[in-house]
Amino acid sequence: MVSFLQVNGLTKRFGDLLLFSDIAFGIAQGQKTGLIAKNGSGKTTLLNIIAGKEDYDDGSVAFRSDLRLGYLEQSPQYPAGLTVLQACFHSSNETVQLIAEYEEAIANDHHSRLEDILLRMDNMQAWGYEQKAKQILSQLKITNFNQKVEELSGGQLKRVALANVLITEPELIILDEPTNHLDLEMTEWLEDYLSRQTISILMVTHDRYFLDRVCNEIMEIDNQQIYQYKGNYSYYLEKREERINSQNTEIERANNLLRKELEWMRRQPQARGTKAKYRTNAFYELEKKAKQQQDNRNINLNVQSSYIGSKIFDAVNVSKRYGDIKITDNFNYTFARYEKMGIVGNNGTGKSTFIKMLIGDAEPDSGHFDVGETVRFGYYSQEGLQFDEQMKVIDVVQDIAEFVELGDKKKLGVSQFLNYFLFTPEKQHNYVYKLSGGEKRRLYLCTVLMRNPNFLVLDEPTNDLDIITLNVLEEYLCNFKGCVIVVSHDRYFMDKVVDHLLVFRGNANIKDFPGSYTQYREWKDIQEQLEKETEANRSPKETSTNKSHKPETEKKKLTFKERKEFEALEEEIATLETEKETLETAMSSGALTNDALLSKSERIAKVIDEIDKKTMRWLELSEFA
């Protein structure tokens, strides 16, 4: 098997903080590796080192010569002013740079340069790249290729960055949290795409279904060392448990030996400098081993929420819209006591707006939420991460409460509560500015839970949290004696925590589904299959007497007419996109009369519909172009 990447003796520290020491591993052709570690253990740092974006203290990183490498950063950024298509070609890849030259020449009418560029594109067979870029962008639901990158949402920018990486056809791709900011539909598309490709992968992700279905090897950073497991995430869980049990047995044995050695050290002061020096050295090694932290995930944290009455909330004829986008339309729902609901749906369908209306941060256009008097919300939002960076971790939480109420009149101190959420005593006395992004998210979560709410509303709580923290949060929520609403794209998390779904399908179409996310997907697949069969039965059966037809296995080629249509579609879509932008600018100007605004609203709806239809036709033809 061809080796693509070899890391040897790699060591990295930030001041006194040692991230990893003398680690070694390799990535071979066809190997798809998931990297797992606690927040703050150096996952992103390791990826940055391999990608050449960060220095290291010792060791070596070696690639196979001429290896095509792709890197998706956790928070991709592009220079302002670039269009979506230009951002896709913002790469050091020679072919991609040539296409960027071509796009620039076309956009600026530099016809004198075109002859040379076209010749070079023919020689490098570059035409397929542009087509592939547009195809991938369309599959990722990015259709406005001329939109500026600074106008994109976080999810849209992540999808553009994905297209940027994928079109270069890398042999090894490094992915840092590829599913962050992607909705479920896009996550499942990427999961399917990567699992089918022969590409080699090194990725960091907290999405456990994604790990299980894409990866064939798992690496874990633990106590500054690398542990490798040849198998998917399910296999890793089994083998990690065996390793932890073995380590705990060794640590317990070391503790027993340490007690005996300590007695000897105290009895034999003279021996320390003479013939028993070897034993003294062995004592210090034994002490070091005995102090290793044992895995202790068996803590039972049954936090007592404040009393909650039988009435939780009623949604009464709630309607909300932003311009032409409907969020809810006369929506009614009665929330049950102790219900644990998940809210899922594509980006832009109104999930976050719905919960903001529930907790009173946004007003419905009509209707209302009737919330019970005993309800105390604990709200974890995507934008709520705000701390005094100069405070210590323990002080941030202590400012809220000195302890957490447990059942049976028991109390849990702040330090114990933080320890449960994986803040060691050393971390608790660190300043907030020293925490990683994931650790700050974890601290924010603790500040929400410390307020003793009886109704938790969590908007994307899994973003930037490591898998170990997710396990802790899942256990907490499963034991939580109150109500829960979770908005999340993490399918594993939803399956484990909630037993009821509201599925936002866009344009105020909300499906009330009594089950887990996996059950919903199975139901949806069955419904789609039934619809296809019904549609097929409606269509007239093809009866052809022509016996000389080509075999079905032979790939279809475009006819002359279809090729002309395919070429014309690109221009038509671009023209419609330009008209759509013009209409949007006019509608947001505030200068239109009511009649003119109504007229343009009707026209933009037709334009969007035309763009969708022509894009779908373009995708159909592009399969055979």
# chains A, B, ... in the order shown; residues from 1 in each chain; ligands from 1

$ closest_atom_pairs --of "region 493-543 of chain A" --to "region 325-333 of chain A" --cutoff "10 Å" --atoms "only C-alpha atoms" --output "Markdown table"
| residue | atom | partner | partner_atom | distance |
| --- | --- | --- | --- | --- |
| A:Phe504 | CA | A:Ile327 | CA | 8.6 |
| A:Arg505 | CA | A:Ile327 | CA | 9.7 |
| A:Gly506 | CA | A:Ile327 | CA | 7.2 |
| A:Asn507 | CA | A:Lys326 | CA | 4.7 |
| A:Ala508 | CA | A:Thr328 | CA | 4.4 |
| A:Asn509 | CA | A:Thr328 | CA | 7.5 |
| A:Ile510 | CA | A:Thr328 | CA | 7.9 |
| A:Asp512 | CA | A:Tyr333 | CA | 9.4 |

$ select_by_dssp --residues "region 459-572 of chain A" --states "alpha helix (DSSP H)" --output "MDAnalysis selection string"
chainID A and resid 467:479 491:497 517:538 560:572

$ write_last_selection --atoms "C-alpha atoms" --output "tab-separated table (two decimals), in the first residue's frame"
chain	number	residue	atom	x	y	z
A	467	ILE	CA	-17.08	13.49	21.41
A	468	ILE	CA	-16.22	12.88	25.08
A	469	THR	CA	-18.05	16.08	26.08
A	470	LEU	CA	-21.00	15.06	23.90
A	471	ASN	CA	-21.21	11.75	25.77
A	472	VAL	CA	-21.32	13.67	29.08
A	473	LEU	CA	-23.99	16.08	27.80
A	474	GLU	CA	-26.09	13.20	26.42
A	475	GLU	CA	-25.97	11.44	29.78
A	476	TYR	CA	-26.93	14.68	31.54
A	477	LEU	CA	-29.93	15.29	29.25
A	478	CYS	CA	-31.13	11.67	29.45
A	479	ASN	CA	-31.23	12.03	33.27
A	491	ARG	CA	-27.99	12.81	14.11
A	492	TYR	CA	-26.35	10.57	16.73
A	493	PHE	CA	-26.98	13.17	19.45
A	494	MET	CA	-30.63	13.54	18.43
A	495	ASP	CA	-31.19	9.77	18.36
A	496	LYS	CA	-29.80	9.45	21.87
A	497	VAL	CA	-31.54	12.38	23.54
A	517	TYR	CA	-34.22	11.01	13.68
A	518	THR	CA	-33.17	7.59	12.32
A	519	GLN	CA	-36.79	6.44	12.41
A	520	TYR	CA	-37.80	9.61	10.58
A	521	ARG	CA	-35.18	8.99	7.87
A	522	GLU	CA	-36.41	5.42	7.41
A	523	TRP	CA	-40.00	6.66	7.17
A	524	LYS	CA	-38.98	9.40	4.71
A	525	ASP	CA	-37.09	6.91	2.49
A	526	ILE	CA	-40.16	4.64	2.39
A	527	GLN	CA	-42.42	7.59	1.50
A	528	GLU	CA	-40.10	8.70	-1.30
A	529	GLN	CA	-39.93	5.17	-2.67
A	530	LEU	CA	-43.74	4.89	-2.62
A	531	GLU	CA	-44.03	8.22	-4.44
A	532	LYS	CA	-41.59	7.03	-7.13
A	533	GLU	CA	-43.54	3.80	-7.59
A	534	THR	CA	-46.82	5.72	-7.80
A	535	GLU	CA	-45.33	8.10	-10.36
A	536	ALA	CA	-43.94	5.20	-12.39
A	537	ASN	CA	-47.35	3.53	-12.46
A	538	ARG	CA	-48.93	6.73	-13.73
A	560	PHE	CA	-26.14	17.71	-30.85
A	561	LYS	CA	-29.40	19.35	-29.77
A	562	GLU	CA	-28.84	18.46	-26.10
A	563	ARG	CA	-25.28	19.79	-26.18
A	564	LYS	CA	-26.54	23.10	-27.57
A	565	GLU	CA	-29.20	23.15	-24.85
A	566	PHE	CA	-26.56	22.41	-22.21
A	567	GLU	CA	-24.38	25.33	-23.38
A	568	ALA	CA	-27.37	27.68	-23.59
A	569	LEU	CA	-28.54	26.79	-20.08
A	570	GLU	CA	-25.41	28.24	-18.47
A	571	GLU	CA	-26.06	31.62	-20.09
A	572	GLU	CA	-29.78	31.51	-19.29

$ closest_residue --among "A:Asn39, A:Thr44, A:Gln74, A:Thr198" --to "His181 (chain A)" --atoms "only C-alpha atoms"
A:Gln74

$ residues_around --residues "region 377-394 of chain A" --least-positions-apart "3" --cutoff "9 Å" --atoms "only C-alpha atoms" --output "number ranges by chain"
A: 352, 359, 397-399, 414-415, 418, 423, 427-434, 440-441, 443-445, 448-449, 451-461, 463

$ residues_around --residues "Pro76 (chain A)" --least-positions-apart "2" --cutoff "12 Å" --atoms "only C-alpha atoms" --output "PyMOL selection string"
chain A and resi 71-74+78-79+87-88+90+149-150+152-165+175-178+180-181

$ atom_distance --atom1 "CA of Pro514 (chain A)" --atom2 "CA of Thr334 (chain A)"
13.8 Å

$ atom_distance --atom1 "CA of Thr585 (chain A)" --atom2 "CA of Tyr322 (chain A)"
16.0 Å

$ atom_distance --atom1 "CA of Ser91 (chain A)" --atom2 "CA of Phe63 (chain A)"
19.1 Å

$ residues_around --residues "Gly482 (chain A)" --least-positions-apart "2" --cutoff "8 Å" --atoms "only C-alpha atoms" --output "PyMOL selection string"
chain A and resi 305+308+337-339+454-456+480+484

$ write_last_selection --atoms "N, CA and C atoms" --output "CSV table (one decimal), in the first residue's frame"
chain,number,residue,atom,x,y,z
A,305,SER,N,-33.9,19.5,38.7
A,305,SER,CA,-34.4,20.7,38.2
A,305,SER,C,-35.4,21.3,39.1
A,308,ILE,N,-41.6,22.0,37.9
A,308,ILE,CA,-42.3,22.4,36.7
A,308,ILE,C,-43.8,21.8,36.7
A,337,ARG,N,-45.6,17.8,29.4
A,337,ARG,CA,-44.6,17.8,30.6
A,337,ARG,C,-43.6,16.7,30.4
A,338,TYR,N,-42.3,17.0,30.6
A,338,TYR,CA,-41.1,16.1,30.5
A,338,TYR,C,-40.9,15.7,29.0
A,339,GLU,N,-41.5,16.4,28.1
A,339,GLU,CA,-41.2,16.0,26.7
A,339,GLU,C,-39.8,16.4,26.3
A,454,ASN,N,-35.7,24.3,34.4
A,454,ASN,CA,-36.6,23.1,34.3
A,454,ASN,C,-37.0,22.9,32.8
A,455,PHE,N,-36.6,23.8,31.9
A,455,PHE,CA,-36.8,23.7,30.5
A,455,PHE,C,-35.6,24.1,29.7
A,456,LEU,N,-34.9,23.2,29.2
A,456,LEU,CA,-33.6,23.5,28.5
A,456,LEU,C,-34.0,23.7,27.0
A,480,PHE,N,-32.0,14.3,32.8
A,480,PHE,CA,-32.6,15.6,33.2
A,480,PHE,C,-34.1,15.5,33.5
A,484,VAL,N,-37.1,19.4,27.4
A,484,VAL,CA,-35.9,19.7,26.6
A,484,VAL,C,-36.4,20.0,25.1

$ closest_residue --among "A:Ile221, A:Ser306, A:Met357, A:Glu252" --to "Val404 (chain A)" --atoms "only C-alpha atoms"
A:Ser306

$ residues_around --residues "Val371 (chain A)" --least-positions-apart "2" --cutoff "12 Å" --atoms "only C-alpha atoms" --output "PyMOL selection string"
chain A and resi 308-316+333-336+357-360+368-369+373-377+455

$ residues_around --residues "region 226-232 of chain A" --least-positions-apart "3" --cutoff "7 Å" --atoms "only C-alpha atoms" --output "PyMOL selection string"
chain A and resi 23+211-212+215-222+235-236

$ closest_residue --among "A:Glu188, A:Glu581, A:Asp122, A:Glu171" --to "Phe145 (chain A)" --atoms "only C-alpha atoms"
A:Glu581

$ select_by_dssp --residues "region 108-354 of chain A" --states "strand (DSSP E or B)" --output "PyMOL selection string"
chain A and resi 148+172-176+200-204+217-222+225-229+303+313-322+325-335+340-345

$ decode --residues "region 47-184 of chain A" --atoms "C-alpha atoms" --output "CSV table (one decimal), in the first residue's frame"
chain,number,residue,atom,x,y,z
A,47,LEU,CA,-4.0,19.3,11.2
A,48,ASN,CA,-2.5,22.8,10.8
A,49,ILE,CA,1.0,21.3,11.3
A,50,ILE,CA,0.4,18.7,8.6
A,51,ALA,CA,-1.0,21.2,6.2
A,52,GLY,CA,2.1,23.4,6.7
A,53,LYS,CA,0.2,26.3,8.4
A,54,GLU,CA,1.9,25.9,11.8
A,55,ASP,CA,5.4,25.1,13.2
A,56,TYR,CA,6.3,22.3,15.5
A,57,ASP,CA,9.0,21.8,18.1
A,58,ASP,CA,10.5,18.4,17.0
A,59,GLY,CA,9.9,15.5,14.6
A,60,SER,CA,9.1,15.4,10.9
A,61,VAL,CA,6.2,15.4,8.5
A,62,ALA,CA,6.8,13.9,5.1
A,63,PHE,CA,4.5,13.5,2.1
A,64,ARG,CA,4.8,11.4,-1.0
A,65,SER,CA,6.4,13.5,-3.7
A,66,ASP,CA,3.8,15.3,-6.1
A,67,LEU,CA,0.9,14.3,-3.7
A,68,ARG,CA,-2.2,16.3,-4.4
A,69,LEU,CA,-3.3,17.6,-1.0
A,70,GLY,CA,-6.6,19.3,-0.1
A,71,TYR,CA,-7.3,21.1,3.3
A,72,LEU,CA,-10.7,22.2,4.6
A,73,GLU,CA,-10.2,24.5,7.5
A,74,GLN,CA,-12.7,24.7,10.4
A,75,SER,CA,-13.5,28.3,9.7
A,76,PRO,CA,-12.6,29.0,6.0
A,77,GLN,CA,-12.0,32.6,4.9
A,78,TYR,CA,-11.7,34.3,1.5
A,79,PRO,CA,-10.6,37.8,0.4
A,80,ALA,CA,-13.6,40.1,0.3
A,81,GLY,CA,-14.9,40.8,-3.2
A,82,LEU,CA,-14.5,37.3,-4.6
A,83,THR,CA,-17.5,35.7,-6.2
A,84,VAL,CA,-18.6,32.2,-5.3
A,85,LEU,CA,-17.1,30.8,-8.5
A,86,GLN,CA,-13.8,32.8,-7.9
A,87,ALA,CA,-13.6,31.5,-4.4
A,88,CYS,CA,-13.9,27.9,-5.8
A,89,PHE,CA,-10.8,28.6,-7.9
A,90,HIS,CA,-8.9,30.3,-5.1
A,91,SER,CA,-6.3,27.6,-4.9
A,92,SER,CA,-2.6,26.9,-5.5
A,93,ASN,CA,-3.6,24.1,-7.9
A,94,GLU,CA,-2.1,25.0,-11.3
A,95,THR,CA,-5.2,23.9,-13.3
A,96,VAL,CA,-7.6,25.7,-11.0
A,97,GLN,CA,-5.5,28.9,-11.2
A,98,LEU,CA,-5.7,28.7,-15.0
A,99,ILE,CA,-9.5,28.5,-14.8
A,100,ALA,CA,-9.5,31.5,-12.5
A,101,GLU,CA,-7.5,33.4,-15.2
A,102,TYR,CA,-10.1,32.3,-17.8
A,103,GLU,CA,-13.0,33.5,-15.5
A,104,GLU,CA,-11.3,36.8,-14.9
A,105,ALA,CA,-10.6,37.4,-18.6
A,106,ILE,CA,-14.3,36.7,-19.5
A,107,ALA,CA,-15.6,38.9,-16.7
A,108,ASN,CA,-13.4,41.8,-17.8
A,109,ASP,CA,-13.6,41.4,-21.6
A,110,HIS,CA,-9.9,40.7,-21.9
A,111,HIS,CA,-10.3,39.1,-25.3
A,112,SER,CA,-6.6,39.5,-26.2
A,113,ARG,CA,-5.6,37.1,-23.5
A,114,LEU,CA,-8.2,34.5,-24.3
A,115,GLU,CA,-6.4,32.8,-27.2
A,116,ASP,CA,-3.4,31.9,-25.0
A,117,ILE,CA,-5.6,30.9,-22.1
A,118,LEU,CA,-7.9,28.7,-24.2
A,119,LEU,CA,-4.8,27.0,-25.7
A,120,ARG,CA,-3.4,26.2,-22.3
A,121,MET,CA,-6.8,25.0,-21.0
A,122,ASP,CA,-7.0,22.6,-23.9
A,123,ASN,CA,-3.5,21.3,-23.2
A,124,MET,CA,-4.2,20.8,-19.5
A,125,GLN,CA,-7.7,19.4,-20.2
A,126,ALA,CA,-9.1,22.0,-17.8
A,127,TRP,CA,-12.6,22.4,-19.1
A,128,GLY,CA,-13.9,19.6,-16.9
A,129,TYR,CA,-12.9,21.5,-13.8
A,130,GLU,CA,-15.2,24.4,-14.3
A,131,GLN,CA,-18.1,22.1,-15.1
A,132,LYS,CA,-17.3,20.0,-12.0
A,133,ALA,CA,-17.1,23.1,-9.8
A,134,LYS,CA,-20.5,24.2,-10.9
A,135,GLN,CA,-21.9,20.7,-10.5
A,136,ILE,CA,-20.6,20.3,-7.0
A,137,LEU,CA,-21.8,23.8,-6.0
A,138,SER,CA,-25.2,22.9,-7.4
A,139,GLN,CA,-25.3,19.7,-5.4
A,140,LEU,CA,-24.3,21.7,-2.4
A,141,LYS,CA,-27.3,24.0,-3.1
A,142,ILE,CA,-25.1,27.0,-4.1
A,143,THR,CA,-26.6,28.2,-7.4
A,144,ASN,CA,-25.8,32.0,-7.4
A,145,PHE,CA,-22.2,31.7,-8.7
A,146,ASN,CA,-21.8,35.5,-8.9
A,147,GLN,CA,-22.7,36.2,-5.3
A,148,LYS,CA,-19.9,37.8,-3.2
A,149,VAL,CA,-18.4,35.6,-0.5
A,150,GLU,CA,-18.9,38.3,2.2
A,151,GLU,CA,-22.7,38.0,1.6
A,152,LEU,CA,-22.7,34.2,2.4
A,153,SER,CA,-23.8,32.7,5.7
A,154,GLY,CA,-21.4,30.4,7.7
A,155,GLY,CA,-23.0,27.3,6.2
A,156,GLN,CA,-22.9,28.6,2.6
A,157,LEU,CA,-19.2,29.6,3.0
A,158,LYS,CA,-18.4,26.1,4.4
A,159,ARG,CA,-20.1,24.6,1.3
A,160,VAL,CA,-18.1,26.8,-1.1
A,161,ALA,CA,-14.9,25.8,0.8
A,162,LEU,CA,-15.8,22.2,0.4
A,163,ALA,CA,-16.3,22.7,-3.4
A,164,ASN,CA,-13.0,24.5,-3.5
A,165,VAL,CA,-11.3,21.4,-2.0
A,166,LEU,CA,-13.2,18.7,-3.9
A,167,ILE,CA,-12.7,20.1,-7.5
A,168,THR,CA,-8.9,19.8,-7.2
A,169,GLU,CA,-9.4,16.1,-7.0
A,170,PRO,CA,-6.9,15.6,-4.1
A,171,GLU,CA,-5.4,12.2,-3.3
A,172,LEU,CA,-5.3,13.1,0.4
A,173,ILE,CA,-7.8,15.4,1.9
A,174,ILE,CA,-7.6,16.9,5.5
A,175,LEU,CA,-11.0,18.0,6.9
A,176,ASP,CA,-11.4,20.0,10.1
A,177,GLU,CA,-15.0,19.7,11.3
A,178,PRO,CA,-16.5,19.3,7.8
A,179,THR,CA,-20.1,19.0,9.1
A,180,ASN,CA,-20.1,22.1,11.2
A,181,HIS,CA,-22.7,24.6,9.8
A,182,LEU,CA,-24.0,22.0,7.3
A,183,ASP,CA,-27.6,21.0,7.6
A,184,LEU,CA,-28.6,17.4,7.7
